[in-house]
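Structure file input_6.cif (mmCIF, C-alpha atoms) follows.
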```
data_input
loop_
_atom_site.label_atom_id
_atom_site.label_comp_id
_atom_site.auth_asym_id
_atom_site.auth_seq_id
_atom_site.Cartn_x
_atom_site.Cartn_y
_atom_site.Cartn_z
CA MET O 1 -81.38 38.72 85.39
CA HIS O 2 -77.72 39.24 86.27
CA ARG O 3 -77.27 42.25 88.56
CA VAL O 4 -74.05 43.96 89.69
CA GLN O 5 -73.11 47.35 91.09
CA TYR O 6 -73.22 49.59 88.05
CA TRP O 7 -70.88 52.49 88.78
CA PHE O 8 -67.79 50.40 88.09
CA PHE O 9 -69.42 48.70 85.11
CA ILE O 10 -70.39 51.94 83.33
CA SER O 11 -67.07 53.66 84.04
CA LEU O 12 -65.33 50.68 82.47
CA LEU O 13 -67.49 50.90 79.34
CA PHE O 14 -66.91 54.62 78.88
CA SER O 15 -63.17 54.41 79.56
CA SER O 16 -62.86 51.58 77.06
CA ALA O 17 -64.71 53.55 74.37
CA ALA O 18 -62.70 56.69 75.03
CA SER O 19 -59.33 54.94 74.91
CA ALA O 20 -60.03 52.90 71.77
CA GLN O 21 -57.88 53.76 68.77
CA PRO O 22 -58.85 53.24 65.11
CA THR O 23 -57.59 49.96 63.72
CA GLU O 24 -57.39 48.38 60.30
CA PRO O 25 -60.51 46.32 59.61
CA ALA O 26 -60.33 42.58 59.23
CA PRO O 27 -60.88 41.24 55.70
CA GLY O 28 -64.49 41.90 54.80
CA GLY O 29 -64.94 44.11 57.87
CA ARG O 30 -66.00 47.72 58.18
CA PRO O 31 -63.49 50.52 58.89
CA GLY O 32 -63.56 51.60 62.51
CA ALA O 33 -65.84 48.74 63.54
CA SER O 34 -63.75 48.05 66.61
CA SER O 35 -63.72 51.68 67.84
CA ASN O 36 -66.87 53.42 66.61
CA PRO O 37 -69.97 51.65 67.90
CA ASP O 38 -73.26 53.54 68.32
CA ILE O 39 -73.53 54.44 72.01
CA SER O 40 -76.59 55.90 73.69
CA LEU O 41 -77.91 56.50 77.17
CA ILE O 42 -81.67 56.77 77.76
CA LEU O 43 -82.62 58.73 80.90
CA ASN O 44 -86.03 58.04 82.41
CA GLY O 45 -87.66 59.47 85.53
CA ARG O 46 -91.14 60.06 86.91
CA TYR O 47 -93.37 61.29 89.67
CA ALA O 48 -96.34 59.11 90.68
CA ALA O 49 -99.33 59.63 92.99
CA PHE O 50 -101.88 56.89 93.78
CA SER O 51 -105.17 57.00 95.68
CA GLN O 52 -104.71 53.39 96.89
CA PRO O 53 -101.68 51.92 98.70
CA VAL O 54 -99.20 50.07 96.51
CA SER O 55 -98.52 47.46 99.18
CA GLY O 56 -100.61 44.36 98.67
CA TYR O 57 -101.22 45.11 94.98
CA ARG O 58 -102.51 42.10 93.05
CA LEU O 59 -104.43 41.14 89.93
CA PRO O 60 -107.02 38.62 91.15
CA GLY O 61 -106.61 35.31 89.34
CA PHE O 62 -102.95 35.85 88.44
CA ALA O 63 -99.71 34.87 90.15
CA LEU O 64 -97.57 37.90 89.34
CA GLY O 65 -93.88 37.89 88.50
CA ALA O 66 -91.32 40.48 89.47
CA GLU O 67 -91.77 44.08 88.26
CA ALA O 68 -95.53 43.54 87.75
CA THR O 69 -96.75 46.24 90.17
CA PRO O 70 -97.53 49.92 89.44
CA GLY O 71 -94.23 50.93 91.07
CA GLN O 72 -93.52 53.33 93.90
CA GLU O 73 -95.16 56.66 94.65
CA GLY O 74 -93.39 60.01 94.68
CA PHE O 75 -90.25 60.96 92.81
CA ARG O 76 -88.42 57.98 91.39
CA LEU O 77 -85.62 57.45 88.91
CA GLY O 78 -86.84 54.93 86.36
CA GLU O 79 -84.77 52.41 84.46
CA SER O 80 -82.19 54.22 82.37
CA GLU O 81 -80.82 52.24 79.43
CA PHE O 82 -77.23 52.12 78.24
CA VAL O 83 -76.97 50.78 74.68
CA ILE O 84 -74.01 49.82 72.49
CA SER O 85 -74.66 48.51 68.98
CA SER O 86 -72.54 48.08 65.89
CA ASN O 87 -71.91 46.07 62.76
CA VAL O 88 -69.16 43.63 63.65
CA ASP O 89 -68.24 43.06 60.01
CA ASP O 90 -70.06 42.37 56.75
CA ARG O 91 -71.78 39.28 58.18
CA PHE O 92 -72.58 40.07 61.81
CA SER O 93 -73.91 42.85 64.04
CA GLY O 94 -74.22 43.04 67.80
CA ARG O 95 -76.22 44.88 70.47
CA PHE O 96 -75.76 45.27 74.21
CA THR O 97 -78.39 46.90 76.44
CA VAL O 98 -78.33 47.29 80.20
CA ALA O 99 -80.99 48.84 82.40
CA LEU O 100 -79.57 50.99 85.18
CA THR O 101 -81.92 50.88 88.15
CA ALA O 102 -82.58 53.43 90.89
CA ASP O 103 -81.07 50.93 93.35
CA ASN O 104 -77.62 51.17 91.78
CA GLU O 105 -77.80 47.86 89.95
CA VAL O 106 -77.44 46.71 86.35
CA ASP O 107 -79.94 44.45 84.61
CA ILE O 108 -78.60 42.99 81.37
CA GLU O 109 -81.60 43.21 79.01
CA GLU O 110 -79.89 42.41 75.70
CA ALA O 111 -76.57 40.97 74.62
CA TYR O 112 -76.87 39.32 71.25
CA LEU O 113 -75.20 38.67 67.92
CA GLU O 114 -77.23 38.78 64.69
CA THR O 115 -76.43 37.74 61.15
CA ARG O 116 -76.50 40.30 58.31
CA LYS O 117 -76.01 38.14 55.21
CA LEU O 118 -77.40 34.72 55.94
CA GLY O 119 -79.27 34.85 52.65
CA HIS O 120 -82.68 33.65 51.42
CA GLY O 121 -84.50 36.12 53.69
CA LEU O 122 -83.17 34.44 56.85
CA THR O 123 -81.82 36.15 59.97
CA LEU O 124 -80.37 34.35 63.00
CA ARG O 125 -80.03 35.96 66.42
CA ALA O 126 -78.30 34.41 69.45
CA GLY O 127 -77.73 35.62 73.00
CA ARG O 128 -80.09 37.47 75.34
CA PHE O 129 -82.96 39.46 73.82
CA LEU O 130 -86.66 40.29 74.02
CA SER O 131 -88.88 37.67 72.43
CA GLY O 132 -90.68 38.37 69.15
CA ILE O 133 -94.05 37.24 70.51
CA GLY O 134 -96.79 39.86 70.41
CA TYR O 135 -96.26 43.46 69.37
CA HIS O 136 -95.57 45.36 72.59
CA ASN O 137 -93.11 42.78 73.94
CA GLY O 138 -90.24 43.78 71.65
CA ILE O 139 -90.53 47.51 72.42
CA HIS O 140 -88.19 48.95 75.06
CA ALA O 141 -89.74 50.93 77.90
CA HIS O 142 -88.46 54.30 76.66
CA ALA O 143 -90.43 53.82 73.40
CA TRP O 144 -93.74 52.85 75.05
CA SER O 145 -96.71 55.08 74.24
CA PHE O 146 -97.72 55.08 77.93
CA VAL O 147 -95.77 55.19 81.20
CA ASP O 148 -96.67 51.59 82.05
CA ALA O 149 -97.21 48.32 80.20
CA PRO O 150 -100.68 46.96 79.39
CA LEU O 151 -102.29 44.92 82.19
CA VAL O 152 -102.19 41.70 80.17
CA TYR O 153 -98.42 42.04 79.77
CA ARG O 154 -98.07 42.73 83.48
CA ALA O 155 -100.21 39.69 84.32
CA MET O 156 -98.83 37.10 81.89
CA LEU O 157 -95.28 38.19 81.05
CA ALA O 158 -94.19 40.27 84.07
CA THR O 159 -94.17 43.32 81.73
CA ALA O 160 -92.02 41.72 78.98
CA TYR O 161 -90.51 38.34 78.19
CA GLY O 162 -86.77 38.26 77.54
CA ASP O 163 -84.34 35.37 78.00
CA ASP O 164 -81.21 33.66 76.73
CA GLY O 165 -81.66 31.74 73.49
CA VAL O 166 -81.75 31.76 69.70
CA GLN O 167 -84.18 33.18 67.15
CA LEU O 168 -84.57 32.41 63.45
CA ARG O 169 -86.67 34.72 61.24
CA TRP O 170 -87.60 34.40 57.57
CA VAL O 171 -89.02 37.20 55.40
CA ALA O 172 -90.83 35.88 52.33
CA PRO O 173 -89.99 37.34 48.88
CA LEU O 174 -93.52 38.69 48.34
CA ASP O 175 -95.06 42.06 47.51
CA ILE O 176 -96.64 42.15 50.96
CA TYR O 177 -94.71 41.77 54.23
CA LEU O 178 -94.69 38.20 55.56
CA GLU O 179 -92.33 37.16 58.35
CA ILE O 180 -92.20 33.83 60.13
CA GLY O 181 -90.07 33.27 63.24
CA ALA O 182 -89.26 30.66 65.88
CA GLU O 183 -87.30 30.87 69.13
CA ARG O 184 -85.81 28.59 71.76
CA PHE O 185 -85.02 29.99 75.19
CA ARG O 186 -83.39 28.81 78.38
CA GLY O 187 -86.62 29.26 80.34
CA ASP O 188 -85.54 31.48 83.24
CA GLY O 189 -87.94 34.34 82.46
CA PHE O 190 -91.54 34.56 83.71
CA PRO O 191 -93.95 32.79 83.02
CA ALA O 192 -91.38 30.01 82.72
CA GLY O 193 -88.71 29.62 85.37
CA GLY O 194 -85.91 27.46 86.62
CA GLY O 195 -84.25 26.77 83.25
CA ALA O 196 -86.27 23.60 82.80
CA ARG O 197 -85.39 20.77 80.39
CA ALA O 198 -81.65 21.32 80.89
CA GLY O 199 -81.85 25.01 79.97
CA ASN O 200 -84.14 24.53 76.97
CA GLY O 201 -87.46 25.24 78.63
CA VAL O 202 -89.28 27.63 76.25
CA GLY O 203 -90.28 27.52 72.60
CA THR O 204 -92.10 30.25 70.68
CA ALA O 205 -93.33 30.86 67.16
CA PHE O 206 -94.81 33.90 65.42
CA ILE O 207 -96.17 35.03 62.06
CA ARG O 208 -96.40 38.67 60.96
CA LEU O 209 -98.27 39.94 57.94
CA GLY O 210 -98.49 43.57 56.82
CA ASP O 211 -98.97 45.94 53.91
CA ASP O 212 -99.76 49.51 52.87
CA LEU O 213 -103.25 50.65 51.95
CA GLY O 214 -102.61 53.60 49.70
CA PRO O 215 -100.10 56.33 50.55
CA SER O 216 -101.57 57.13 54.00
CA HIS O 217 -102.39 53.80 55.68
CA ALA O 218 -100.38 50.78 56.84
CA TRP O 219 -101.23 47.72 58.93
CA ARG O 220 -99.64 44.71 60.57
CA LEU O 221 -101.24 41.52 61.89
CA GLY O 222 -99.41 39.09 64.14
CA ILE O 223 -100.12 35.66 65.61
CA SER O 224 -97.83 34.17 68.25
CA GLN O 225 -97.45 31.08 70.43
CA PHE O 226 -95.48 30.57 73.67
CA HIS O 227 -94.91 27.20 75.35
CA GLY O 228 -92.82 27.13 78.51
CA ARG O 229 -92.02 24.86 81.41
CA ALA O 230 -91.81 26.30 84.93
CA GLU O 231 -89.79 24.69 87.70
CA SER O 232 -90.60 26.23 91.11
CA ARG O 233 -91.52 29.55 89.47
CA GLU O 234 -91.76 32.19 92.18
CA SER O 235 -94.46 34.86 92.42
CA GLY O 236 -95.87 37.23 95.01
CA ASP O 237 -93.87 38.16 98.12
CA ASP O 238 -90.09 37.88 97.66
CA THR O 239 -89.58 36.74 101.26
CA ALA O 240 -92.37 34.13 101.21
CA PRO O 241 -93.18 33.43 97.55
CA ASP O 242 -95.80 31.20 96.02
CA ARG O 243 -94.41 28.55 93.66
CA PHE O 244 -95.65 26.90 90.48
CA THR O 245 -94.31 23.87 88.63
CA GLY O 246 -95.91 22.89 85.35
CA SER O 247 -96.56 24.04 81.79
CA SER O 248 -97.59 27.49 80.59
CA ARG O 249 -99.02 28.00 77.08
CA ILE O 250 -99.90 31.39 75.60
CA GLN O 251 -101.61 32.19 72.31
CA GLY O 252 -101.69 35.78 71.14
CA VAL O 253 -102.97 37.95 68.32
CA ASP O 254 -102.02 41.57 67.63
CA LEU O 255 -103.16 44.16 65.10
CA VAL O 256 -101.64 47.59 64.45
CA TRP O 257 -102.99 50.21 62.04
CA LYS O 258 -101.17 53.46 61.28
CA TRP O 259 -102.31 56.56 59.43
CA ALA O 260 -100.31 59.58 58.31
CA PRO O 261 -101.25 62.00 55.49
CA ASN O 262 -99.35 60.78 52.42
CA GLY O 263 -97.01 58.86 54.71
CA ASN O 264 -95.70 62.01 56.43
CA ALA O 265 -96.02 61.46 60.20
CA ARG O 266 -94.22 64.66 61.15
CA ASP O 267 -97.33 66.83 61.46
CA ARG O 268 -100.19 64.41 62.08
CA SER O 269 -100.55 60.67 62.63
CA LEU O 270 -102.81 58.12 64.26
CA ILE O 271 -101.87 54.68 65.61
CA VAL O 272 -104.42 52.09 66.74
CA GLN O 273 -103.01 49.05 68.55
CA PHE O 274 -104.79 45.92 69.83
CA GLU O 275 -103.53 42.72 71.44
CA ARG O 276 -105.21 39.73 73.06
CA PHE O 277 -103.59 36.81 74.89
CA ARG O 278 -104.93 33.57 76.31
CA ARG O 279 -102.90 31.43 78.71
CA GLU O 280 -103.41 27.86 79.87
CA GLU O 281 -101.44 26.60 82.87
CA ASN O 282 -101.37 23.04 84.18
CA GLY O 283 -99.33 21.79 87.11
CA ASN O 284 -98.91 22.21 90.87
CA PHE O 285 -99.31 25.51 92.73
CA THR O 286 -97.79 25.83 96.20
CA PRO O 287 -99.01 28.82 98.24
CA ALA O 288 -96.47 30.34 100.63
CA GLY O 289 -96.28 28.12 103.71
CA GLY O 290 -98.68 25.56 102.21
CA SER O 291 -98.64 22.29 100.35
CA ALA O 292 -98.65 21.66 96.60
CA LEU O 293 -102.11 21.80 95.03
CA ALA O 294 -103.14 20.58 91.58
CA TYR O 295 -103.97 23.53 89.33
CA THR O 296 -105.40 23.87 85.84
CA GLY O 297 -106.54 27.30 84.75
CA ASP O 298 -107.37 29.53 81.81
CA GLN O 299 -106.54 33.23 81.79
CA SER O 300 -107.00 35.88 79.14
CA GLY O 301 -106.62 39.59 78.61
CA HIS O 302 -106.55 42.32 76.01
CA TYR O 303 -105.93 46.00 75.50
CA LEU O 304 -106.85 48.57 72.88
CA GLN O 305 -105.01 51.85 72.59
CA THR O 306 -104.89 54.76 70.21
CA VAL O 307 -102.31 57.56 70.00
CA TYR O 308 -103.08 60.66 67.95
CA GLN O 309 -100.44 63.22 67.03
CA PHE O 310 -102.63 66.25 66.40
CA GLN O 311 -99.78 68.63 65.63
CA PRO O 312 -95.98 68.50 65.55
CA ARG O 313 -94.53 67.46 68.91
CA TRP O 314 -97.90 66.89 70.65
CA ARG O 315 -99.74 63.57 71.09
CA LEU O 316 -102.86 62.36 72.89
CA GLY O 317 -103.40 58.73 73.89
CA LEU O 318 -106.25 56.57 75.23
CA ARG O 319 -106.04 52.96 76.40
CA VAL O 320 -108.44 50.36 77.82
CA ASP O 321 -107.25 47.13 79.51
CA ARG O 322 -109.00 44.04 80.82
CA THR O 323 -107.91 40.66 82.18
CA GLU O 324 -109.88 37.70 83.50
CA ALA O 325 -109.19 34.27 84.97
CA SER O 326 -111.24 31.10 85.31
CA ALA O 327 -112.68 30.04 88.64
CA VAL O 328 -110.61 27.74 90.87
CA ASN O 329 -111.59 24.85 93.12
CA ALA O 330 -112.13 25.19 96.87
CA ALA O 331 -108.55 24.16 97.67
CA LEU O 332 -107.19 27.24 95.87
CA ALA O 333 -109.74 29.69 97.28
CA GLY O 334 -108.04 32.71 98.83
CA THR O 335 -104.79 32.25 96.90
CA ALA O 336 -103.45 34.57 94.21
CA LEU O 337 -105.17 32.36 91.61
CA ASP O 338 -108.62 33.05 93.05
CA ALA O 339 -110.22 35.75 90.89
CA GLN O 340 -113.07 36.18 93.40
CA GLY O 341 -115.42 36.78 90.47
CA HIS O 342 -113.55 40.00 89.62
CA ARG O 343 -112.33 41.12 86.20
CA PRO O 344 -109.45 43.59 86.55
CA GLU O 345 -109.70 46.53 84.16
CA ARG O 346 -108.12 49.94 83.67
CA ARG O 347 -108.67 53.14 81.68
CA SER O 348 -105.72 55.38 80.79
CA ALA O 349 -105.29 58.79 79.17
CA MET O 350 -102.04 60.57 78.39
CA VAL O 351 -100.67 63.65 76.68
CA ASP O 352 -97.01 64.07 75.79
CA PHE O 353 -94.73 66.67 74.24
CA SER O 354 -91.58 65.79 72.30
CA ASN O 355 -89.33 68.76 71.72
CA SER O 356 -87.32 66.51 69.38
CA GLU O 357 -86.83 62.80 68.78
CA PHE O 358 -84.41 62.86 71.73
CA SER O 359 -86.70 64.20 74.48
CA ARG O 360 -90.26 63.65 75.72
CA LEU O 361 -92.40 64.88 78.63
CA ARG O 362 -95.60 63.00 79.51
CA LEU O 363 -98.63 63.40 81.78
CA GLN O 364 -100.79 60.30 82.33
CA PHE O 365 -103.86 59.34 84.36
CA ASN O 366 -105.04 55.78 85.09
CA ARG O 367 -108.39 54.77 86.53
CA ASP O 368 -107.32 51.34 87.75
CA ASN O 369 -109.92 48.81 88.92
CA SER O 370 -107.49 45.92 89.26
CA ARG O 371 -108.46 45.18 92.87
CA PRO O 372 -111.98 44.18 93.96
CA GLY O 373 -113.97 46.98 95.55
CA ALA O 374 -111.28 49.65 95.07
CA THR O 375 -110.60 52.21 92.36
CA ASP O 376 -107.04 53.46 92.23
CA ARG O 377 -106.63 56.90 90.63
CA GLN O 378 -103.05 57.05 89.43
CA TRP O 379 -101.21 60.15 88.17
CA PHE O 380 -97.82 60.10 86.46
CA ILE O 381 -95.40 62.74 85.20
CA GLN O 382 -92.53 61.31 83.17
CA TYR O 383 -89.47 62.52 81.29
CA ILE O 384 -87.46 60.53 78.74
CA THR O 385 -84.28 61.80 77.09
CA SER O 386 -81.77 60.16 74.79
CA LEU O 387 -78.08 61.03 74.78
CA GLY O 388 -76.01 59.85 71.86
CA ALA O 389 -77.05 57.68 68.91
CA HIS O 390 -80.73 56.94 68.63
CA GLY O 391 -81.75 54.24 66.17
CA ALA O 392 -85.10 54.07 64.40
CA HIS O 393 -87.89 52.07 66.05
CA THR O 394 -89.66 49.18 64.33
CA PHE O 395 -93.10 49.45 62.74
#
```
Since I need it in another form, could you write the structure as structure tokens?
Amino acid sequence: MHRVQYWFFISLLFSSAASAQPTEPAPGGRPGASSNPDISLILNGRYAAFSQPVSGYRLPGFALGAEATPGQEGFRLGESEFVISSNVDDRFSGRFTVALTADNEVDIEEAYLETRKLGHGLTLRAGRFLSGIGYHNGIHAHAWSFVDAPLVYRAMLATAYGDDGVQLRWVAPLDIYLEIGAERFRGDGFPAGGGARAGNGVGTAFIRLGDDLGPSHAWRLGISQFHGRAESRESGDDTAPDRFTGSSRIQGVDLVWKWAPNGNARDRSLIVQFERFRREENGNFTPAGGSALAYTGDQSGHYLQTVYQFQPRWRLGLRVDRTEASAVNAALAGTALDAQGHRPERRSAMVDFSNSEFSRLRLQFNRDNSRPGATDRQWFIQYITSLGAHGAHTF
């Protein structure tokens, strides 16, 4: 991701918005489109306490990308998000999202243009954005139901896959919801890397099917495919990283079921969410300070979570995670790809309070058995607040 010092960047954005004057719209445009975008700032912070040291954290059998650890202990400012979105005119809309880190840097998460009237149920998106694979991948961190991402996302996608590219989606003219999409990406994001094939290193496809079951129930089923090429993909220690060159294929399935009495989720609701991924990698793995070794491996993982809103503003959540990786040959024993016969798993419970749609306080506990022979008891306290416009979230 592209990182710069953010104080100058944000002051420039705000000063530009404040000094903008209304202008006459272009033919076919919307009045005020150039001066009245939706602007929001998501503030996120937490306190964390772990019973095991964070240093040396690993998921046996997986070469982890950046941002795939539990994070730091103690008080810590999380990633705050600055978002600008607007209809450009009657045919295009745009969105720009940056994550402001605790280290005074900016991470450009989204910067894309999307069509509004392509016709025939088609929508084209171009720029930088989160991929449509899976269900959890397209959800921003402030809208997660738990403090952290599922283990399988941490292991296979370094929390979430986003990159520079194009996406084409088609919604079928049917009584039920059917969406088919395909994407091409540069291939810089994990589990790809290096912008292989002249900056055309990743292809994805997904199908989503959903419907209502009476006035109180709704469901969505998704199937997705990821195929990427990695060129010297780095993992592990930043100063002495492991490297992988080869192909990475992921197949995924997700299922979401939602219940709310007569469709009214204000007082009570229940959401059950399940995803499973399987990844096949084939290429050469080079441990830090070592020589390239042939590697072919299968990895898989899943999670199941449920979130119950038992009264207005209050929710309870439970989640179970598990990942596993195939055995490796003797040459790779002792590397990050050696699962040592261990299957990482985790159990999570949370309770949160939302005074409004713009603020949330959360308490969460994880019983994390990611590492062999050690149980990490993790406690989190988190706040999330939204200043400014706050758009609706997807299903």
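Taking atom CA of O:Ile180 and atom CA of O:Ile223 as endpoints, the distance between them is 9.8 Å.
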Contacts of O:Asn264 within 12 Å, only C-alpha atoms, excl. fewer than 2 positions in-chain, as a list in words:
Pro215, Ser216, His217, Lys258, Trp259, Ala260, Pro261, Asn262, Arg266, Asp267, Arg268, Ser269, Leu270, Gln309 and Pro312 of chain O
Exercise: residues within 8 Å of coordinate (-96.4, 51.9, 92.3), counting all atoms listed in the file, as JSON, numbers by chain:
{"O": [48, 50, 54, 69, 70, 71, 72, 73]}
Is there a way to get, as a ChimeraX atom specification, all residues within 9 Å of the point (-101.1, 55.6, 70.2) in file coordinates, counting all atoms listed in the file?
/O:145-146,270-273,305-309,315-319
Any chance you could export the current selection's C-alpha atoms as a PDB file, keeping the file's coordinate frame?
```pdb
ATOM      1  CA  SER O 145     -96.710  55.080  74.240  1.00  0.00           C
ATOM      2  CA  PHE O 146     -97.720  55.080  77.930  1.00  0.00           C
ATOM      3  CA  LEU O 270    -102.810  58.120  64.260  1.00  0.00           C
ATOM      4  CA  ILE O 271    -101.870  54.680  65.610  1.00  0.00           C
ATOM      5  CA  VAL O 272    -104.420  52.090  66.740  1.00  0.00           C
ATOM      6  CA  GLN O 273    -103.010  49.050  68.550  1.00  0.00           C
ATOM      7  CA  GLN O 305    -105.010  51.850  72.590  1.00  0.00           C
ATOM      8  CA  THR O 306    -104.890  54.760  70.210  1.00  0.00           C
ATOM      9  CA  VAL O 307    -102.310  57.560  70.000  1.00  0.00           C
ATOM     10  CA  TYR O 308    -103.080  60.660  67.950  1.00  0.00           C
ATOM     11  CA  GLN O 309    -100.440  63.220  67.030  1.00  0.00           C
ATOM     12  CA  ARG O 315     -99.740  63.570  71.090  1.00  0.00           C
ATOM     13  CA  LEU O 316    -102.860  62.360  72.890  1.00  0.00           C
ATOM     14  CA  GLY O 317    -103.400  58.730  73.890  1.00  0.00           C
ATOM     15  CA  LEU O 318    -106.250  56.570  75.230  1.00  0.00           C
ATOM     16  CA  ARG O 319    -106.040  52.960  76.400  1.00  0.00           C
TER      17      ARG O 319
END
```
From O:Gln167, O:Ser359, O:Ser131, O:Ser80, residue lying nearest O:Thr115 [all atoms listed in the file]:
O:Gln167
Report as a PyMOL selection string the residues that result from applying the PyMOL selection byres ((chain O and resi 119) around 12) to the structure here.
chain O and resi 91+115-118+120-124+169-173
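With all atoms listed in the file taken into account, the protein and nucleic acid residues at most 7 Å from O:Ala192 (excluding it and anything under 6 positions from it in its own chain) are Gly228, Arg229, Ala230 and Arg233 of chain O.
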Given the selection you just returned, output its residues as a file containing C-alpha atoms, formatted as an mmCIF file, in the coordinates of the input.
```cif
data_model
loop_
_atom_site.group_PDB
_atom_site.id
_atom_site.type_symbol
_atom_site.label_atom_id
_atom_site.label_comp_id
_atom_site.auth_asym_id
_atom_site.auth_seq_id
_atom_site.Cartn_x
_atom_site.Cartn_y
_atom_site.Cartn_z
ATOM 1 C CA GLY O 228 -92.820 27.130 78.510
ATOM 2 C CA ARG O 229 -92.020 24.860 81.410
ATOM 3 C CA ALA O 230 -91.810 26.300 84.930
ATOM 4 C CA ARG O 233 -91.520 29.550 89.470
#
```
Given the file above and the PyMOL selection byres ((chain O and resi 39) around 9), which residues are selected, and can you give them as a PyMOL selection string?
chain O and resi 36-38+40-41+82-86+387-390
Restrict the selected residues to C-alpha atoms and save them as an mmCIF file, keeping the file's coordinate frame.
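So the final result, stored in out04.cif, reads:
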```
data_model
loop_
_atom_site.group_PDB
_atom_site.id
_atom_site.type_symbol
_atom_site.label_atom_id
_atom_site.label_comp_id
_atom_site.auth_asym_id
_atom_site.auth_seq_id
_atom_site.Cartn_x
_atom_site.Cartn_y
_atom_site.Cartn_z
ATOM 1 C CA ASN O 36 -66.870 53.420 66.610
ATOM 2 C CA PRO O 37 -69.970 51.650 67.900
ATOM 3 C CA ASP O 38 -73.260 53.540 68.320
ATOM 4 C CA SER O 40 -76.590 55.900 73.690
ATOM 5 C CA LEU O 41 -77.910 56.500 77.170
ATOM 6 C CA PHE O 82 -77.230 52.120 78.240
ATOM 7 C CA VAL O 83 -76.970 50.780 74.680
ATOM 8 C CA ILE O 84 -74.010 49.820 72.490
ATOM 9 C CA SER O 85 -74.660 48.510 68.980
ATOM 10 C CA SER O 86 -72.540 48.080 65.890
ATOM 11 C CA LEU O 387 -78.080 61.030 74.780
ATOM 12 C CA GLY O 388 -76.010 59.850 71.860
ATOM 13 C CA ALA O 389 -77.050 57.680 68.910
ATOM 14 C CA HIS O 390 -80.730 56.940 68.630
#
```
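Interatomic distance, atom CA of O:Arg58 against atom CA of O:Gly283: 21.4 Å.
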For O:Phe75, work out the shell of residues within 10 Å, counting all atoms listed in the file and skipping chain neighbours fewer than 3 positions away, then give it as a PDB file with C-alpha atoms, in the frame of the given file.
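The resulting result.pdb:
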```
ATOM      1  CA  GLY O  45     -87.660  59.470  85.530  1.00  0.00           C
ATOM      2  CA  ARG O  46     -91.140  60.060  86.910  1.00  0.00           C
ATOM      3  CA  TYR O  47     -93.370  61.290  89.670  1.00  0.00           C
ATOM      4  CA  ALA O  48     -96.340  59.110  90.680  1.00  0.00           C
ATOM      5  CA  ALA O  49     -99.330  59.630  92.990  1.00  0.00           C
ATOM      6  CA  GLN O  72     -93.520  53.330  93.900  1.00  0.00           C
ATOM      7  CA  GLY O  78     -86.840  54.930  86.360  1.00  0.00           C
ATOM      8  CA  PHE O 380     -97.820  60.100  86.460  1.00  0.00           C
ATOM      9  CA  ILE O 381     -95.400  62.740  85.200  1.00  0.00           C
ATOM     10  CA  GLN O 382     -92.530  61.310  83.170  1.00  0.00           C
TER      11      GLN O 382
END
```
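Shortest atom-to-atom contact with O:Gln251 among O:Arg362, O:Arg322, O:His227, O:His140: O:His227, counting all atoms listed in the file.
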Shell around O:Ala374 at 12 Å using only C-alpha atoms, local window under 3 positions removed, as a PyMOL selection string
chain O and resi 50-53+57-58+342+344-346+367-371+377
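Our summary of the geometry notes that atom CA of O:Trp379 is positioned 28.0 Å from atom CA of O:Trp257.
The nearest approach to O:Ala327 among the residues O:Gly341, O:Gly56, O:Gly138, O:Gly165, with all atoms listed in the file taken into account, belongs to O:Gly341.
With all atoms listed in the file as the atoms that count, the minimum distance from O:Thr97 to the choices O:Gly252, O:Gly199, O:Gly127, O:Gly210 is reached by O:Gly127.
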On this structure, which residues satisfy the PyMOL selection byres ((chain O and resi 137) around 12), written as a PyMOL selection string?
chain O and resi 129-136+138-141+143-144+149-150+152-154+156-162+224+252+254+275
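For the residues O:Asp148, O:Leu209, O:Ala325, O:Pro241, ranking by smallest atom-to-atom distance to O:Glu281 using all atoms listed in the file places O:Ala325 first.
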